[in-house]
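Worksheet: one structure, shown below.
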Amino acid sequence: MKKYLAEMVGTFTLTFLGCGAAVSLGCGIDTVSVVGTAFAFGLAVVAMAYTIGGVSGCHINPAISLGMFLSGRMSLKDCGMYMLFQIIGGILAAAALAGIVGTTIGDPFITTHTGANACAFGVTNGLIVEVVLTMLFVLVVLGATAKTNGATNNLAGLAIGLSLVLIHLVGIHFTGTSVNPARSIGPAIFEGGKALQELWVFIIGPLVGGALAALIWKVIDTEE
């Protein structure tokens, strides 16, 4: 249970700080706000990696848990429980953020009060972006934490956090960047409107991307 609770706390932190930065900076209005939001998400991952990494591995993302399961690194039960507690953490974070700044149903991503996602270029393009970016992100996670990396996996948290910064720098313009269903479900619930209508993109896209990353890693992993 402790590792499940750790995943809830970690996902709460990621969602609250990342989406909180998006709200505070008015993400999407200018380059500074985009860069600031990207680093907020990345640094939140780094912080949590060195806080709860020894407890749960710090997935704080259903797409990562799915990739770990498909790679044979965790059981189906743990995968399901990780996802459940990650989603709970994301919802609690969105509730806290909504309570602080308030919500307006139907606001677009740029002026959102909860950091909810929206597909700026349509759901098809948004789905492609989420699949590809999540695939690359989870691939970094699988590689950085692999036993074959030897001593370098001590720096896995830093590598994963910095890769998430890069992922956000690319994706914010197109989808606001999710690559994490748990990070999107909570804000979408409180935002409503377009964010809730398009939520499936930010659930299906990252999960497909996580599965593809696991497949790619199985092909290139030298441990076999």
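Chain labels A, B, ... are given in the sequence in which chains occur in the structure tokens; within each chain residues are numbered consecutively from 1, and ligands are likewise numbered from 1 in the order shown.
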
Using only C-alpha atoms, what does the table of stretch 5-113 of chain A residues within 12 Å of stretch 179-194 of chain A look like, with each row giving the shortest atom pair and its distance in Å to one decimal, sorted by chain and ascending number, as a Markdown table?
| residue | atom | partner | partner_atom | distance |
| --- | --- | --- | --- | --- |
| A:Glu7 | CA | A:Ala182 | CA | 10.8 |
| A:Met8 | CA | A:Ala182 | CA | 9.9 |
| A:Gly10 | CA | A:Arg183 | CA | 10.9 |
| A:Thr11 | CA | A:Arg183 | CA | 7.2 |
| A:Phe12 | CA | A:Arg183 | CA | 8.4 |
| A:Thr13 | CA | A:Arg183 | CA | 10.1 |
| A:Leu14 | CA | A:Arg183 | CA | 7.6 |
| A:Thr15 | CA | A:Arg183 | CA | 5.4 |
| A:Phe16 | CA | A:Arg183 | CA | 8.9 |
| A:Leu17 | CA | A:Arg183 | CA | 10.8 |
| A:Gly18 | CA | A:Arg183 | CA | 9.0 |
| A:Cys19 | CA | A:Pro187 | CA | 8.3 |
| A:Gly20 | CA | A:Pro187 | CA | 10.6 |
| A:Ala22 | CA | A:Pro187 | CA | 11.8 |
| A:Val23 | CA | A:Pro187 | CA | 11.4 |
| A:Phe41 | CA | A:Arg183 | CA | 10.4 |
| A:His59 | CA | A:Asn180 | CA | 10.2 |
| A:Ile60 | CA | A:Ala182 | CA | 8.0 |
| A:Asn61 | CA | A:Asn180 | CA | 5.3 |
| A:Pro62 | CA | A:Pro181 | CA | 6.4 |
| A:Ala63 | CA | A:Asn180 | CA | 6.2 |
| A:Ile64 | CA | A:Asn180 | CA | 8.3 |
| A:Ser65 | CA | A:Asn180 | CA | 10.5 |
| A:Leu66 | CA | A:Asn180 | CA | 11.2 |
| A:Tyr82 | CA | A:Ala182 | CA | 10.5 |
| A:Met83 | CA | A:Ala182 | CA | 7.7 |
| A:Leu84 | CA | A:Ala182 | CA | 8.8 |
| A:Phe85 | CA | A:Ala182 | CA | 9.0 |
| A:Gln86 | CA | A:Ala182 | CA | 5.8 |
| A:Ile87 | CA | A:Ala182 | CA | 4.4 |
| A:Ile88 | CA | A:Ala182 | CA | 7.8 |
| A:Gly89 | CA | A:Ala182 | CA | 7.7 |
| A:Gly90 | CA | A:Gly186 | CA | 5.2 |
| A:Ile91 | CA | A:Gly186 | CA | 3.8 |
| A:Leu92 | CA | A:Gly186 | CA | 7.2 |
| A:Ala93 | CA | A:Gly186 | CA | 7.3 |
| A:Ala94 | CA | A:Pro187 | CA | 5.0 |
| A:Ala95 | CA | A:Phe190 | CA | 7.2 |
| A:Ala96 | CA | A:Pro187 | CA | 10.2 |
| A:Leu97 | CA | A:Pro187 | CA | 8.7 |
| A:Ala98 | CA | A:Phe190 | CA | 7.0 |
| A:Gly99 | CA | A:Phe190 | CA | 9.9 |
| A:Val101 | CA | A:Phe190 | CA | 11.6 |
| A:Gly102 | CA | A:Phe190 | CA | 9.3 |
| A:Thr103 | CA | A:Glu191 | CA | 6.3 |
| A:Thr104 | CA | A:Glu191 | CA | 6.6 |
| A:Ile105 | CA | A:Gly192 | CA | 5.3 |
| A:Gly106 | CA | A:Gly193 | CA | 4.0 |
| A:Asp107 | CA | A:Glu191 | CA | 7.3 |
| A:Pro108 | CA | A:Lys194 | CA | 7.5 |
| A:Phe109 | CA | A:Lys194 | CA | 9.2 |
| A:Thr111 | CA | A:Glu191 | CA | 11.0 |
| A:Thr112 | CA | A:Glu191 | CA | 7.5 |
| A:His113 | CA | A:Glu191 | CA | 7.3 |

Polymer residues at most 8 Å from A:Val45, only C-alpha atoms, same-chain spacing of 2 or more positions, as an NGL selection string: :A and (14 or 41-43 or 47-49 or 157 or 160-161)

Selected residue, from A:His173, A:Asn117, A:Val129, A:Val55, that lies nearest to A:Thr31 when counting only C-alpha atoms: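 Checking each candidate against A:Thr31, we get A:His173 as the closest.
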
Those of stretch 10-115 of chain A in DSSP alpha helix (DSSP H), formatted as a count of residues only: 77

Polymer residues at most 9 Å from A:Ile172, only C-alpha atoms, same-chain spacing of 3 or more positions, as a list in words: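 Counting only C-alpha atoms, the residues come to Cys27, Gly28, Val34, Thr37, Ala38, Ile167, His168, Leu169, Thr175, Gly176, Thr177 and Ser178 of chain A.
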
Write out, as a PDB file, in the first residue's frame, the residues just selected, with all heavy atoms.
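result.pdb, written as the output of this step:
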ATOM      1  N   CYS A  27       0.302  29.804 -19.594  1.00  0.00           N
ATOM      2  CA  CYS A  27       1.044  29.038 -20.591  1.00  0.00           C
ATOM      3  C   CYS A  27       0.449  29.137 -21.988  1.00  0.00           C
ATOM      4  O   CYS A  27      -0.744  28.933 -22.195  1.00  0.00           O
ATOM      5  CB  CYS A  27       1.111  27.574 -20.170  1.00  0.00           C
ATOM      6  SG  CYS A  27       2.092  26.569 -21.287  1.00  0.00           S
ATOM      7  N   GLY A  28       1.300  29.435 -22.966  1.00  0.00           N
ATOM      8  CA  GLY A  28       0.894  29.537 -24.353  1.00  0.00           C
ATOM      9  C   GLY A  28       0.830  30.961 -24.857  1.00  0.00           C
ATOM     10  O   GLY A  28       0.757  31.205 -26.058  1.00  0.00           O
ATOM     11  N   VAL A  34       5.799  29.212 -21.919  1.00  0.00           N
ATOM     12  CA  VAL A  34       5.934  27.833 -22.401  1.00  0.00           C
ATOM     13  C   VAL A  34       7.164  27.176 -21.776  1.00  0.00           C
ATOM     14  O   VAL A  34       7.098  26.052 -21.268  1.00  0.00           O
ATOM     15  CB  VAL A  34       6.030  27.791 -23.938  1.00  0.00           C
ATOM     16  CG1 VAL A  34       6.396  26.386 -24.414  1.00  0.00           C
ATOM     17  CG2 VAL A  34       4.711  28.227 -24.561  1.00  0.00           C
ATOM     18  N   THR A  37       6.627  26.579 -18.005  1.00  0.00           N
ATOM     19  CA  THR A  37       5.737  25.447 -17.742  1.00  0.00           C
ATOM     20  C   THR A  37       6.449  24.125 -18.019  1.00  0.00           C
ATOM     21  O   THR A  37       6.314  23.164 -17.259  1.00  0.00           O
ATOM     22  CB  THR A  37       4.468  25.549 -18.605  1.00  0.00           C
ATOM     23  OG1 THR A  37       3.768  26.751 -18.285  1.00  0.00           O
ATOM     24  CG2 THR A  37       3.548  24.364 -18.371  1.00  0.00           C
ATOM     25  N   ALA A  38       7.203  24.080 -19.101  1.00  0.00           N
ATOM     26  CA  ALA A  38       7.940  22.866 -19.445  1.00  0.00           C
ATOM     27  C   ALA A  38       8.906  22.480 -18.327  1.00  0.00           C
ATOM     28  O   ALA A  38       8.991  21.313 -17.926  1.00  0.00           O
ATOM     29  CB  ALA A  38       8.698  23.066 -20.759  1.00  0.00           C
ATOM     30  N   ILE A 167       9.962  17.259 -24.046  1.00  0.00           N
ATOM     31  CA  ILE A 167       8.665  16.818 -24.553  1.00  0.00           C
ATOM     32  C   ILE A 167       7.653  17.953 -24.493  1.00  0.00           C
ATOM     33  O   ILE A 167       6.880  18.189 -25.430  1.00  0.00           O
ATOM     34  CB  ILE A 167       8.160  15.606 -23.741  1.00  0.00           C
ATOM     35  CG1 ILE A 167       9.021  14.372 -23.990  1.00  0.00           C
ATOM     36  CG2 ILE A 167       6.690  15.324 -24.040  1.00  0.00           C
ATOM     37  CD1 ILE A 167       8.980  13.838 -25.385  1.00  0.00           C
ATOM     38  N   HIS A 168       7.643  18.692 -23.390  1.00  0.00           N
ATOM     39  CA  HIS A 168       6.695  19.802 -23.240  1.00  0.00           C
ATOM     40  C   HIS A 168       7.023  20.961 -24.192  1.00  0.00           C
ATOM     41  O   HIS A 168       6.109  21.612 -24.704  1.00  0.00           O
ATOM     42  CB  HIS A 168       6.682  20.303 -21.796  1.00  0.00           C
ATOM     43  CG  HIS A 168       5.755  19.531 -20.910  1.00  0.00           C
ATOM     44  ND1 HIS A 168       6.073  18.277 -20.431  1.00  0.00           N
ATOM     45  CD2 HIS A 168       4.514  19.818 -20.441  1.00  0.00           C
ATOM     46  CE1 HIS A 168       5.076  17.834 -19.685  1.00  0.00           C
ATOM     47  NE2 HIS A 168       4.120  18.748 -19.682  1.00  0.00           N
ATOM     48  N   LEU A 169       8.292  21.211 -24.399  1.00  0.00           N
ATOM     49  CA  LEU A 169       8.670  22.287 -25.323  1.00  0.00           C
ATOM     50  C   LEU A 169       8.129  22.019 -26.727  1.00  0.00           C
ATOM     51  O   LEU A 169       7.775  22.941 -27.453  1.00  0.00           O
ATOM     52  CB  LEU A 169      10.191  22.440 -25.358  1.00  0.00           C
ATOM     53  CG  LEU A 169      10.840  23.025 -24.102  1.00  0.00           C
ATOM     54  CD1 LEU A 169      12.352  23.035 -24.250  1.00  0.00           C
ATOM     55  CD2 LEU A 169      10.324  24.438 -23.831  1.00  0.00           C
ATOM     56  N   THR A 175      -0.926  20.424 -28.126  1.00  0.00           N
ATOM     57  CA  THR A 175      -1.950  19.824 -27.256  1.00  0.00           C
ATOM     58  C   THR A 175      -1.894  20.326 -25.813  1.00  0.00           C
ATOM     59  O   THR A 175      -2.706  19.900 -24.988  1.00  0.00           O
ATOM     60  CB  THR A 175      -1.789  18.288 -27.198  1.00  0.00           C
ATOM     61  OG1 THR A 175      -0.535  17.970 -26.587  1.00  0.00           O
ATOM     62  CG2 THR A 175      -1.864  17.677 -28.582  1.00  0.00           C
ATOM     63  N   GLY A 176      -0.953  21.183 -25.504  1.00  0.00           N
ATOM     64  CA  GLY A 176      -0.746  21.546 -24.110  1.00  0.00           C
ATOM     65  C   GLY A 176       0.120  20.524 -23.399  1.00  0.00           C
ATOM     66  O   GLY A 176       0.554  20.741 -22.281  1.00  0.00           O
ATOM     67  N   THR A 177       0.370  19.417 -24.060  1.00  0.00           N
ATOM     68  CA  THR A 177       1.186  18.293 -23.598  1.00  0.00           C
ATOM     69  C   THR A 177       0.591  17.604 -22.379  1.00  0.00           C
ATOM     70  O   THR A 177       0.489  18.185 -21.302  1.00  0.00           O
ATOM     71  CB  THR A 177       2.629  18.704 -23.243  1.00  0.00           C
ATOM     72  OG1 THR A 177       3.181  19.471 -24.297  1.00  0.00           O
ATOM     73  CG2 THR A 177       3.485  17.470 -23.042  1.00  0.00           C
ATOM     74  N   SER A 178       0.234  16.347 -22.599  1.00  0.00           N
ATOM     75  CA  SER A 178      -0.195  15.513 -21.480  1.00  0.00           C
ATOM     76  C   SER A 178       0.835  14.416 -21.276  1.00  0.00           C
ATOM     77  O   SER A 178       1.539  14.414 -20.287  1.00  0.00           O
ATOM     78  CB  SER A 178      -1.573  14.891 -21.748  1.00  0.00           C
ATOM     79  OG  SER A 178      -1.862  13.917 -20.779  1.00  0.00           O
TER      80      SER A 178
END

Residue among A:Asp78, A:Ile204, A:Leu162, A:Ala6 lying closest to A:Ala144, counting only C-alpha atoms: A:Leu162

Shell around A:Leu139 at 7 Å using only C-alpha atoms, local window under 3 positions removed, as a ChimeraX atom specification: /A:135-136,142-143,213,217

Residue among A:Phe121, A:Gly67, A:Val9, A:Asp30 lying closest to A:Gly53, counting only C-alpha atoms: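 The closest residue to A:Gly53 is A:Val9.
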
Atom CA of A:Gly209 to atom CA of A:Val132, straight-line distance in Å: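 Going from atom CA of A:Val132 over to atom CA of A:Gly209, I get 6.1 Å.
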